[in-house]
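A.B. asks: File follows, final_6.tsv with TSV, C-alpha atoms:
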```tsv
chain	number	residue	atom	x	y	z
A	1321	MET	CA	8.89	33.02	-22.65
A	1322	TYR	CA	6.54	30.07	-22.81
A	1323	CYS	CA	4.28	31.12	-19.95
A	1324	GLY	CA	0.84	29.58	-20.25
A	1325	LEU	CA	1.79	27.56	-23.30
A	1326	GLY	CA	3.78	24.73	-21.79
A	1327	MET	CA	2.77	21.74	-19.76
A	1328	PHE	CA	3.74	21.06	-16.17
A	1329	VAL	CA	5.63	17.78	-16.32
A	1330	LEU	CA	6.42	15.74	-13.21
A	1331	ILE	CA	9.13	13.11	-13.56
A	1332	VAL	CA	9.65	10.61	-10.75
A	1333	GLY	CA	12.99	8.82	-10.87
A	1334	CYS	CA	16.00	10.80	-12.04
A	1335	GLY	CA	18.30	8.23	-13.60
A	1336	ARG	CA	19.56	8.22	-17.18
A	1337	VAL	CA	16.04	8.07	-18.57
A	1338	GLY	CA	14.29	10.48	-16.22
A	1339	SER	CA	17.02	13.13	-16.40
A	1340	ALA	CA	17.17	12.98	-20.21
A	1341	ILE	CA	13.39	13.42	-20.51
A	1342	ALA	CA	13.53	16.26	-17.98
A	1343	ASN	CA	16.17	18.17	-19.96
A	1344	SER	CA	14.35	17.62	-23.28
A	1345	MET	CA	11.05	18.83	-21.87
A	1346	MET	CA	12.77	21.84	-20.32
A	1347	GLU	CA	14.37	22.74	-23.67
A	1348	GLU	CA	10.96	22.51	-25.32
A	1349	GLY	CA	9.71	25.15	-22.90
A	1350	HIS	CA	7.70	23.13	-20.42
A	1351	ASP	CA	7.73	23.50	-16.65
A	1352	VAL	CA	9.52	20.48	-15.28
A	1353	SER	CA	9.65	19.07	-11.77
A	1354	VAL	CA	11.79	16.07	-10.85
A	1355	LEU	CA	11.45	13.85	-7.79
A	1356	ASP	CA	14.14	11.40	-6.68
A	1357	GLU	CA	15.02	9.77	-3.37
A	1358	ASP	CA	18.71	10.58	-3.91
A	1359	ALA	CA	19.66	14.26	-3.52
A	1360	GLU	CA	22.78	13.63	-5.63
A	1361	ALA	CA	20.67	12.66	-8.64
A	1362	ILE	CA	20.34	16.34	-9.53
A	1363	ALA	CA	23.92	16.07	-10.88
A	1364	LEU	CA	22.54	14.07	-13.83
A	1365	LEU	CA	20.31	17.02	-14.75
A	1366	ASP	CA	23.30	19.36	-14.85
A	1367	ARG	CA	25.54	17.06	-16.86
A	1368	GLY	CA	26.61	18.68	-20.13
A	1369	GLN	CA	24.54	21.81	-19.40
A	1370	GLU	CA	25.87	25.37	-19.23
A	1371	SER	CA	23.87	26.33	-16.14
A	1372	SER	CA	22.37	24.38	-13.29
A	1373	TRP	CA	18.95	22.74	-13.34
A	1374	GLU	CA	17.50	25.22	-10.89
A	1375	GLU	CA	19.06	28.24	-12.65
A	1376	ARG	CA	17.24	27.08	-15.76
A	1377	GLY	CA	13.97	27.14	-13.80
A	1378	GLY	CA	13.69	23.44	-13.05
A	1379	GLN	CA	12.31	22.09	-9.80
A	1380	PHE	CA	13.97	19.25	-7.90
A	1381	THR	CA	12.50	17.52	-4.86
A	1382	GLU	CA	14.25	14.92	-2.76
A	1383	GLY	CA	11.80	12.31	-1.57
A	1384	THR	CA	10.42	8.79	-1.81
A	1385	ALA	CA	8.08	8.15	-4.71
A	1386	LEU	CA	5.47	6.34	-2.59
A	1387	GLU	CA	5.18	9.21	-0.09
A	1388	ILE	CA	2.16	11.34	-0.89
A	1389	ASP	CA	3.81	14.33	0.80
A	1390	ALA	CA	6.78	14.07	-1.57
A	1391	LEU	CA	4.50	13.86	-4.62
A	1392	LEU	CA	2.56	16.90	-3.36
A	1393	ALA	CA	5.77	18.85	-2.74
A	1394	ALA	CA	6.86	18.03	-6.29
A	1395	GLY	CA	3.58	19.48	-7.56
A	1396	ILE	CA	1.56	16.43	-8.61
A	1397	GLU	CA	-1.73	18.31	-8.12
A	1398	ARG	CA	-0.98	20.64	-11.03
A	1399	ALA	CA	0.81	18.12	-13.25
A	1400	ASP	CA	-0.41	17.82	-16.85
A	1401	ALA	CA	1.93	14.92	-17.50
A	1402	PHE	CA	3.50	12.34	-15.19
A	1403	VAL	CA	6.47	10.10	-15.95
A	1404	ALA	CA	7.24	7.11	-13.69
A	1405	SER	CA	10.88	6.24	-14.36
A	1406	THR	CA	12.38	4.93	-11.12
A	1407	ASP	CA	14.48	1.77	-11.25
A	1408	GLY	CA	11.66	-0.34	-9.76
A	1409	ASP	CA	8.90	-1.71	-11.98
A	1410	ASN	CA	6.53	-2.19	-9.07
A	1411	THR	CA	7.16	1.31	-7.70
A	1412	ASN	CA	6.50	2.75	-11.17
A	1413	LEU	CA	3.28	0.79	-11.59
A	1414	VAL	CA	1.96	1.83	-8.17
A	1415	ILE	CA	2.77	5.55	-8.48
A	1416	ALA	CA	1.47	5.71	-12.04
A	1417	GLN	CA	-1.87	4.37	-10.82
A	1418	VAL	CA	-1.81	6.83	-7.90
A	1419	ALA	CA	-1.17	9.71	-10.33
A	1420	LYS	CA	-4.00	8.58	-12.57
A	1421	ARG	CA	-6.66	7.54	-10.09
A	1422	ARG	CA	-6.04	9.80	-7.12
A	1423	PHE	CA	-4.68	12.95	-8.75
A	1424	ASN	CA	-6.40	12.57	-12.13
A	1425	VAL	CA	-3.26	13.46	-14.05
A	1426	ASP	CA	-4.21	13.66	-17.70
A	1427	ARG	CA	-1.18	12.01	-19.27
A	1428	VAL	CA	0.59	9.29	-17.33
A	1429	VAL	CA	3.46	7.29	-18.83
A	1430	VAL	CA	5.30	4.54	-17.02
A	1431	ARG	CA	8.49	2.64	-17.70
A	1432	VAL	CA	8.28	-1.09	-17.04
A	1433	LEU	CA	11.31	-3.28	-17.76
A	1434	ASP	CA	9.42	-6.58	-17.53
A	1435	PRO	CA	7.60	-7.14	-20.87
A	1436	ALA	CA	4.90	-9.36	-19.34
A	1437	ARG	CA	3.82	-6.85	-16.73
A	1438	ALA	CA	4.15	-3.98	-19.23
A	1439	ARG	CA	1.76	-5.78	-21.57
A	1440	TRP	CA	-0.81	-6.66	-18.89
A	1441	TYR	CA	-0.90	-3.16	-17.39
A	1442	ALA	CA	-1.16	-1.68	-20.90
A	1443	GLU	CA	-4.26	-3.84	-21.36
A	1444	GLN	CA	-5.61	-2.33	-18.12
A	1445	GLY	CA	-5.31	1.15	-19.60
A	1446	LEU	CA	-1.87	2.36	-18.49
A	1447	GLN	CA	0.53	3.85	-21.04
A	1448	THR	CA	3.50	1.58	-20.43
A	1449	VAL	CA	6.84	1.78	-22.22
A	1450	CYS	CA	8.99	-1.34	-22.12
A	1451	PRO	CA	12.64	-0.72	-23.10
A	1452	THR	CA	13.31	-4.47	-22.93
A	1453	GLN	CA	10.63	-5.22	-25.51
A	1454	THR	CA	11.90	-2.42	-27.76
A	1455	ALA	CA	15.44	-3.79	-27.54
A	1456	ILE	CA	14.25	-7.33	-28.29
A	1457	GLU	CA	12.37	-6.21	-31.40
A	1458	LEU	CA	15.23	-4.08	-32.74
A	1459	LEU	CA	17.86	-6.73	-32.08
A	1460	GLU	CA	15.75	-9.46	-33.67
A	1461	ALA	CA	15.21	-7.32	-36.75
A	1462	ALA	CA	18.93	-6.61	-36.95
A	1463	VAL	CA	19.79	-10.30	-36.63
A	1464	ARG	CA	17.38	-11.14	-39.43
A	1465	GLY	CA	18.99	-8.40	-41.54
A	1466	GLN	CA	15.66	-6.57	-41.81
A	1467	ILE	CA	17.26	-3.43	-40.48
A	1468	ARG	CA	20.83	-2.22	-40.36
A	1469	PHE	CA	22.01	0.68	-38.27
A	1470	GLU	CA	25.16	2.70	-38.03
A	1471	GLY	CA	26.14	3.62	-34.48
A	1472	VAL	CA	23.48	3.47	-31.82
A	1473	ALA	CA	19.91	2.59	-32.77
A	1474	GLY	CA	16.74	3.01	-30.78
B	878	MET	CA	-7.04	-25.29	0.29
B	879	TYR	CA	-4.16	-24.27	-1.99
B	880	VAL	CA	-2.27	-21.22	-0.73
B	881	VAL	CA	0.45	-19.26	-2.54
B	882	ILE	CA	2.58	-17.16	-0.18
B	883	VAL	CA	4.93	-14.56	-1.64
B	884	GLY	CA	7.84	-13.72	0.64
B	885	ALA	CA	9.52	-16.21	2.99
B	886	GLY	CA	10.46	-13.81	5.75
B	887	LYS	CA	9.47	-14.53	9.33
B	888	VAL	CA	5.79	-14.02	8.54
B	889	GLY	CA	5.73	-16.01	5.30
B	890	TRP	CA	7.79	-18.90	6.62
B	891	ASN	CA	5.82	-19.33	9.83
B	892	LEU	CA	2.54	-18.99	7.99
B	893	ALA	CA	3.63	-21.67	5.51
B	894	ARG	CA	4.59	-24.00	8.37
B	895	GLU	CA	1.26	-23.47	10.15
B	896	LEU	CA	-0.77	-24.05	7.01
B	897	ILE	CA	1.18	-27.19	6.12
B	898	ASN	CA	0.57	-28.50	9.66
B	899	LYS	CA	-3.12	-27.90	9.09
B	900	ARG	CA	-2.86	-30.07	5.95
B	901	HIS	CA	-3.17	-27.29	3.40
B	902	GLU	CA	-1.17	-27.31	0.18
B	903	VAL	CA	1.30	-24.42	0.19
B	904	THR	CA	3.85	-22.83	-2.11
B	905	VAL	CA	6.01	-20.08	-0.67
B	906	ILE	CA	7.97	-17.96	-3.17
B	907	GLU	CA	11.25	-16.32	-2.13
B	908	SER	CA	13.48	-14.13	-4.30
B	909	ASP	CA	16.58	-14.11	-2.11
B	910	ALA	CA	18.79	-17.12	-2.95
B	911	HIS	CA	20.30	-17.46	0.53
B	912	ARG	CA	16.98	-17.17	2.29
B	913	PHE	CA	15.45	-19.63	-0.15
B	914	ALA	CA	18.19	-22.18	0.59
B	915	VAL	CA	17.47	-21.95	4.33
B	916	VAL	CA	13.71	-22.19	3.95
B	917	GLU	CA	13.88	-25.01	1.41
B	918	GLN	CA	15.73	-27.24	3.89
B	919	GLU	CA	12.61	-27.33	6.01
B	920	LEU	CA	9.77	-26.80	3.55
B	921	GLU	CA	11.34	-28.79	0.66
B	922	HIS	CA	9.15	-28.78	-2.46
B	923	SER	CA	6.76	-26.23	-0.91
B	924	ALA	CA	9.46	-23.59	-1.31
B	925	MET	CA	10.04	-21.98	-4.69
B	926	TYR	CA	12.82	-19.67	-5.81
B	927	GLY	CA	11.91	-16.61	-7.86
B	928	ASP	CA	10.62	-13.04	-7.93
B	929	GLY	CA	6.98	-13.35	-6.98
B	930	SER	CA	6.06	-10.11	-8.68
B	931	GLU	CA	6.94	-11.62	-12.08
B	932	LEU	CA	3.92	-13.12	-13.79
B	933	TRP	CA	5.68	-16.27	-15.05
B	934	VAL	CA	6.89	-17.04	-11.54
B	935	LEU	CA	3.34	-16.70	-10.19
B	936	GLU	CA	2.06	-18.89	-13.03
B	937	ARG	CA	4.67	-21.56	-12.34
B	938	SER	CA	3.57	-21.59	-8.70
B	939	GLY	CA	0.07	-22.50	-9.89
B	940	ILE	CA	-1.60	-19.21	-8.96
B	941	GLU	CA	-4.46	-19.96	-11.35
B	942	ARG	CA	-5.74	-22.68	-9.03
B	943	ALA	CA	-4.88	-20.93	-5.73
B	944	ASP	CA	-7.74	-20.44	-3.26
B	945	LEU	CA	-5.73	-17.84	-1.38
B	946	VAL	CA	-2.75	-15.63	-2.21
B	947	VAL	CA	-0.82	-14.00	0.65
B	948	ALA	CA	1.58	-11.17	-0.24
B	949	VAL	CA	3.98	-10.70	2.68
B	950	THR	CA	7.23	-9.42	1.20
B	951	GLY	CA	9.11	-6.57	2.87
B	952	ASP	CA	8.21	-4.15	0.06
B	953	ASP	CA	4.77	-2.58	0.02
B	954	GLU	CA	4.85	-1.82	-3.71
B	955	ASP	CA	5.51	-5.51	-4.38
B	956	ASN	CA	2.68	-6.58	-2.09
B	957	ILE	CA	0.28	-4.17	-3.79
B	958	LEU	CA	1.18	-5.33	-7.30
B	959	ILE	CA	1.12	-9.04	-6.42
B	960	SER	CA	-2.33	-8.64	-4.84
B	961	GLN	CA	-3.59	-6.62	-7.78
B	962	VAL	CA	-2.55	-9.14	-10.43
B	963	ALA	CA	-3.68	-12.09	-8.28
B	964	ARG	CA	-7.18	-10.69	-8.05
B	965	GLU	CA	-7.59	-8.97	-11.38
B	966	LYS	CA	-5.54	-11.16	-13.74
B	967	TYR	CA	-5.77	-14.60	-12.17
B	968	GLY	CA	-9.14	-14.25	-10.40
B	969	THR	CA	-7.84	-15.46	-7.02
B	970	PRO	CA	-10.92	-15.64	-4.77
B	971	ARG	CA	-9.11	-14.44	-1.64
B	972	VAL	CA	-6.06	-12.22	-1.31
B	973	VAL	CA	-4.40	-11.00	1.88
B	974	ALA	CA	-1.64	-8.39	1.79
B	975	ARG	CA	0.81	-7.13	4.35
B	976	CYS	CA	1.44	-3.42	4.68
B	977	ASN	CA	4.90	-2.74	6.15
B	978	ASN	CA	4.61	1.03	6.42
B	979	PRO	CA	1.19	2.27	7.62
B	980	ARG	CA	1.70	5.40	5.53
B	981	ASN	CA	1.27	3.20	2.46
B	982	LEU	CA	-2.17	1.91	3.52
B	983	GLN	CA	-3.82	4.56	1.36
B	984	HIS	CA	-2.16	3.07	-1.76
B	985	PHE	CA	-3.50	-0.39	-0.93
B	986	GLU	CA	-6.96	1.11	-0.52
B	987	LEU	CA	-6.77	3.19	-3.70
B	988	LEU	CA	-5.87	0.13	-5.77
B	989	GLY	CA	-8.57	-2.01	-4.18
B	990	VAL	CA	-6.26	-4.34	-2.26
B	991	ARG	CA	-8.22	-5.71	0.72
B	992	PRO	CA	-7.80	-6.97	3.36
B	993	VAL	CA	-4.51	-5.44	4.41
B	994	ILE	CA	-2.60	-6.49	7.51
B	995	SER	CA	-0.41	-3.83	9.05
B	996	ALA	CA	1.71	-5.27	11.84
B	997	THR	CA	2.44	-1.79	13.17
B	998	ASP	CA	-1.27	-1.05	13.43
B	999	LEU	CA	-2.00	-4.42	15.05
B	1000	ILE	CA	0.70	-3.96	17.66
B	1001	LEU	CA	-0.54	-0.44	18.32
B	1002	ARG	CA	-4.03	-1.79	18.96
B	1003	LEU	CA	-2.67	-4.48	21.28
B	1004	ILE	CA	-0.76	-1.84	23.21
B	1005	GLU	CA	-3.89	0.30	23.43
B	1006	HIS	CA	-5.76	-2.72	24.71
B	1007	GLU	CA	-3.17	-3.33	27.42
B	1008	VAL	CA	-2.66	0.33	28.26
B	1009	PRO	CA	-5.97	2.03	27.54
B	1010	LYS	CA	-5.71	5.75	26.96
B	1011	TYR	CA	-8.55	7.64	28.65
B	1012	GLY	CA	-10.13	4.24	29.30
B	1013	LEU	CA	-11.18	3.95	25.65
B	1014	VAL	CA	-10.20	1.20	23.21
B	1015	HIS	CA	-11.29	0.88	19.59
B	1016	LEU	CA	-12.08	-2.81	19.26
B	1017	LEU	CA	-13.39	-2.86	15.74
B	1018	ASP	CA	-13.91	-0.32	12.98
B	1019	LEU	CA	-16.25	-1.18	10.11
B	1020	PRO	CA	-15.73	1.82	7.83
B	1021	GLU	CA	-17.94	0.47	5.04
B	1022	GLU	CA	-20.81	-0.22	7.42
B	1023	ARG	CA	-20.06	3.09	9.19
B	1024	LEU	CA	-20.04	1.37	12.59
B	1025	GLU	CA	-17.48	0.97	15.33
B	1026	ILE	CA	-17.25	-0.98	18.56
B	1027	ILE	CA	-15.48	0.62	21.50
B	1028	GLU	CA	-14.59	-0.49	25.01
B	1029	LEU	CA	-14.95	1.98	27.88
B	1030	GLU	CA	-13.75	1.76	31.46
B	1031	VAL	CA	-16.18	2.90	34.12
B	1032	GLY	CA	-14.15	4.76	36.75
B	1033	ASP	CA	-15.20	5.57	40.31
B	1034	GLY	CA	-16.30	9.08	39.45
B	1035	SER	CA	-18.00	8.11	36.20
B	1036	PRO	CA	-21.51	9.55	35.79
B	1037	ALA	CA	-22.57	6.12	34.47
B	1038	ALA	CA	-21.63	4.27	37.67
B	1039	GLY	CA	-24.67	3.15	39.63
B	1040	ARG	CA	-27.12	3.85	36.79
B	1041	ALA	CA	-29.23	1.46	34.73
B	1042	VAL	CA	-28.42	1.20	31.03
B	1043	LYS	CA	-31.80	2.67	30.05
B	1044	ASP	CA	-31.13	5.76	32.22
B	1045	LEU	CA	-27.73	6.55	30.75
B	1046	GLY	CA	-29.15	8.85	28.11
B	1047	LEU	CA	-27.24	7.15	25.29
B	1048	PRO	CA	-27.65	8.99	21.98
B	1049	ASP	CA	-29.53	7.38	19.08
B	1050	GLY	CA	-27.22	5.16	17.06
B	1051	SER	CA	-25.47	3.63	20.06
B	1052	LEU	CA	-26.08	0.49	22.07
B	1053	VAL	CA	-24.41	-1.18	25.06
B	1054	ILE	CA	-23.80	-4.75	23.85
B	1055	SER	CA	-21.81	-6.17	26.73
B	1056	ILE	CA	-20.69	-5.48	30.30
B	1057	LEU	CA	-17.42	-7.06	31.47
B	1058	ARG	CA	-17.22	-7.53	35.25
B	1059	GLU	CA	-14.90	-9.55	37.50
B	1060	GLY	CA	-13.46	-11.68	34.71
B	1061	GLY	CA	-16.83	-12.45	33.14
B	1062	GLY	CA	-19.20	-10.70	30.79
B	1063	PHE	CA	-22.90	-10.52	29.99
B	1064	VAL	CA	-25.30	-8.93	27.57
B	1065	PRO	CA	-27.21	-6.32	29.55
B	1066	THR	CA	-30.89	-5.43	29.50
B	1067	GLY	CA	-32.16	-1.89	29.98
B	1068	ASP	CA	-32.42	-2.55	33.71
B	1069	SER	CA	-28.83	-3.77	34.17
B	1070	VAL	CA	-26.97	-1.44	36.51
B	1071	ILE	CA	-23.43	-0.36	35.64
B	1072	GLU	CA	-20.89	-0.55	38.46
B	1073	PRO	CA	-17.58	1.23	38.98
B	1074	GLY	CA	-14.78	-0.96	37.59
B	1075	ASP	CA	-16.94	-2.37	34.78
B	1076	GLU	CA	-15.78	-2.38	31.20
B	1077	VAL	CA	-18.55	-1.65	28.75
B	1078	LEU	CA	-18.66	-2.52	25.05
B	1079	VAL	CA	-20.66	-0.13	22.91
B	1080	VAL	CA	-21.53	-0.37	19.23
B	1081	LEU	CA	-22.14	3.02	17.62
B	1082	ASP	CA	-22.45	4.97	14.40
B	1083	VAL	CA	-19.25	6.64	13.26
B	1084	GLY	CA	-19.04	10.23	14.46
B	1085	ILE	CA	-20.89	10.11	17.79
B	1086	GLU	CA	-18.04	8.68	19.85
B	1087	SER	CA	-17.45	11.80	21.93
B	1088	ARG	CA	-21.16	12.01	22.87
B	1089	VAL	CA	-20.98	8.43	24.14
B	1090	THR	CA	-17.66	8.70	25.96
B	1091	GLU	CA	-18.72	11.79	27.92
B	1092	LEU	CA	-21.47	9.72	29.56
B	1093	PHE	CA	-18.82	7.40	30.96
B	1094	THR	CA	-15.84	9.66	31.63
B	1095	ALA	CA	-15.46	11.19	35.07
B	1096	ARG	CA	-15.62	14.96	34.99
B	1097	THR	CA	-13.04	16.75	37.08
B	1098	ALA	CA	-14.65	18.76	39.83
B	1099	ALA	CA	-14.76	22.47	39.09
```
What is this structure when it is put down as structure tokens?
C.D. replies:
Amino acid sequence: MYCGLGMFVLIVGCGRVGSAIANSMMEEGHDVSVLDEDAEAIALLDRGQESSWEERGGQFTEGTALEIDALLAAGIERADAFVASTDGDNTNLVIAQVAKRRFNVDRVVVRVLDPARARWYAEQGLQTVCPTQTAIELLEAAVRGQIRFEGVAG
Amino acid sequence: MYVVIVGAGKVGWNLARELINKRHEVTVIESDAHRFAVVEQELEHSAMYGDGSELWVLERSGIERADLVVAVTGDDEDNILISQVAREKYGTPRVVARCNNPRNLQHFELLGVRPVISATDLILRLIEHEVPKYGLVHLLDLPEERLEIIELEVGDGSPAAGRAVKDLGLPDGSLVISILREGGGFVPTGDSVIEPGDEVLVVLDVGIESRVTELFTARTAA
């Protein structure tokens, strides 16, 4: 058991990215709670797994990211880490700031697809991750022949 | 004045039209292609197609020289972000945002977006004004100054009816600023006598409302 050792991780937005992070964190022994507005999104957490998300001790809350009640139900008050990975850049940027400023979550990471906004909010102190920028850099390097990868890179 | 409006819904479009009629320079940004085509027919070069939460779109609209940015899209998270970057990145002197869902007002406040217009709240206040509950209407709340202005109806059985303002026993931190009577209004002195049917405007410190209202509300006979 990992009691007392792991973090409590709250992930908002359970798409390909959010569900993959959730399963990784769970396997590493952390407590993981996932919030998504679509109740069916829990299927992504179970994909390729032997037992269901909840059987493995995971928490899933159906609710809208901007609703404080949903964030509270998902456990934001005791979150050590917060991941904003919904499919909306603006939603992610608002809830990440809510997690940081209102709930004082220690570690807040936010996915932003638009490189310009990712850069500006990073300058304002948010930990932004921009998959678009990462793809641009890898693809440019591959075109220049600076890197060469077999299969899927990144 | 140069005004950038984000969102050409009913609010944004009408606002753009009004401002143009008042000889202001306006750009209204709309992200829906069909809506943009409709709006552009009337507003021509004042309409711009694009996602107003993208920085390059805002820059192309000339946000750096805007005197006022108005964020009135149908999505609160967009309005919050647009207002935030307008103020903090581009230094827009004045920003007005629309809040579609009053439950999101707390996010606007948390992220320093002011002032916020909530149509639901405005309509609610208008309804309260037309249909006063318990004869009490909140006319103005100034949370930062910790003051509010309320309107009270003086009913027939009100303990205030027939008494002079100075004899009402108003608590410290409250003041009768106006008496509305028979379609007119006046600023009372301490000797002005309150009559049944009057409406009275009172300015007061936050938190003493119930002590003021009980002086005006008729008590049911025991």
A.B. asks: Kindly extract all protein, DNA and RNA residues lying within 9 Å of the coordinates (-2.0, -7.5, 4.0) given in the file, considering all atoms listed in the file, and supply them as number ranges by chain.
C.D. replies: B: 947-949, 956-957, 960, 972-977, 985, 990-996
A.B. asks: Rank B:Val888, B:Val1070, B:Leu935, B:Leu1029 by their smallest atom-to-atom distance to B:Val1042, using only C-alpha atoms, and report the top residue only.
C.D. replies: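 Result for the nearest residue to B:Val1042: B:Val1070.
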A.B. asks: Can you tell me, as a list of chain:residue names, what residues are no more than 7 Å from stretch 1359-1373 of chain A when counting all atoms listed in the file, ignoring any on the same chain fewer than 6 positions away?
C.D. replies: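 Non-adjacent residues within range: A:Cys1334, A:Ser1339, A:Asn1343, A:Glu1382.
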A.B. asks: Can you work out the spacing between atom CA of A:Gly1408 and atom CA of B:Arg912 in Å, to one decimal?
C.D. replies: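 We find that atom CA of A:Gly1408 and atom CA of B:Arg912 lie 21.4 Å from each other.
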A.B. asks: Taking all atoms listed in the file into account, which residues of chain A are within 9 Å of chain B, as number ranges by chain?
C.D. replies: A: 1386-1388, 1410-1415, 1417-1418, 1421-1422, 1434, 1436-1437, 1440
A.B. asks: Excluding A:Asp1400 and its own-chain neighbours fewer than 2 positions away, which residues fall within 6 Å of it when counting all atoms listed in the file? Please give them as a VMD selection string.
C.D. replies: chain A and resid 1327 to 1328 1425 to 1426
A.B. asks: Could you tell me how far atom CA of A:Val1332 sits from atom CA of A:Arg1398, in Å to one decimal place?
C.D. replies: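 Atom CA of A:Val1332 lies at a distance of 14.6 Å from atom CA of A:Arg1398.
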A.B. asks: Nearest residue to A:Leu1391 out of A:Leu1330, A:Val1463, A:Leu1433, A:Met1345, using all atoms listed in the file?
C.D. replies: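 Closest to A:Leu1391 of all the choices is A:Leu1330.
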A.B. asks: With all atoms listed in the file counted, which protein, DNA or RNA residues have an atom no more than 12 Å from (12.8, 11.4, -22.1) in the file frame? Please answer as a PyMOL selection string.
C.D. replies: chain A and resi 1329-1348+1352+1365+1402-1405+1429-1431+1449
A.B. asks: What lies within 10 Å of stretch 1047-1057 of chain B using all atoms listed in the file, ignoring chain neighbours under 5 positions off, as an MDAnalysis selection string?
C.D. replies: chainID B and resid 1024:1030 1042 1062:1067 1069:1072 1074:1086 1088:1090 1092
A.B. asks: So how far away is atom CA of A:Thr1381 from atom CA of A:Asp1356, in Å?
C.D. replies: 6.6 Å
A.B. asks: I want to know what sits within 9 Å of B:Leu945, based on only C-alpha atoms, with residues of the same chain fewer than 5 positions away left out; could you give that as a PyMOL selection string?
C.D. replies: chain B and resi 878-882+940+969-973
A.B. asks: Since we have the selection now, will you write its residues out, keeping C-alpha atoms, as a PDB file, keeping the file's coordinate frame?
C.D. replies:
```pdb
ATOM      1  CA  MET B 878      -7.040 -25.290   0.290  1.00  0.00           C
ATOM      2  CA  TYR B 879      -4.160 -24.270  -1.990  1.00  0.00           C
ATOM      3  CA  VAL B 880      -2.270 -21.220  -0.730  1.00  0.00           C
ATOM      4  CA  VAL B 881       0.450 -19.260  -2.540  1.00  0.00           C
ATOM      5  CA  ILE B 882       2.580 -17.160  -0.180  1.00  0.00           C
ATOM      6  CA  ILE B 940      -1.600 -19.210  -8.960  1.00  0.00           C
ATOM      7  CA  THR B 969      -7.840 -15.460  -7.020  1.00  0.00           C
ATOM      8  CA  PRO B 970     -10.920 -15.640  -4.770  1.00  0.00           C
ATOM      9  CA  ARG B 971      -9.110 -14.440  -1.640  1.00  0.00           C
ATOM     10  CA  VAL B 972      -6.060 -12.220  -1.310  1.00  0.00           C
ATOM     11  CA  VAL B 973      -4.400 -11.000   1.880  1.00  0.00           C
TER      12      VAL B 973
END
```
A.B. asks: Kindly indicate which residue among B:Gly929, B:Gly1060, B:Pro1073, B:Pro1020 lies nearest to B:Ser1035, using only C-alpha atoms for the distances.
C.D. replies: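 With only C-alpha atoms as the atom set, the closest residue is B:Pro1073.
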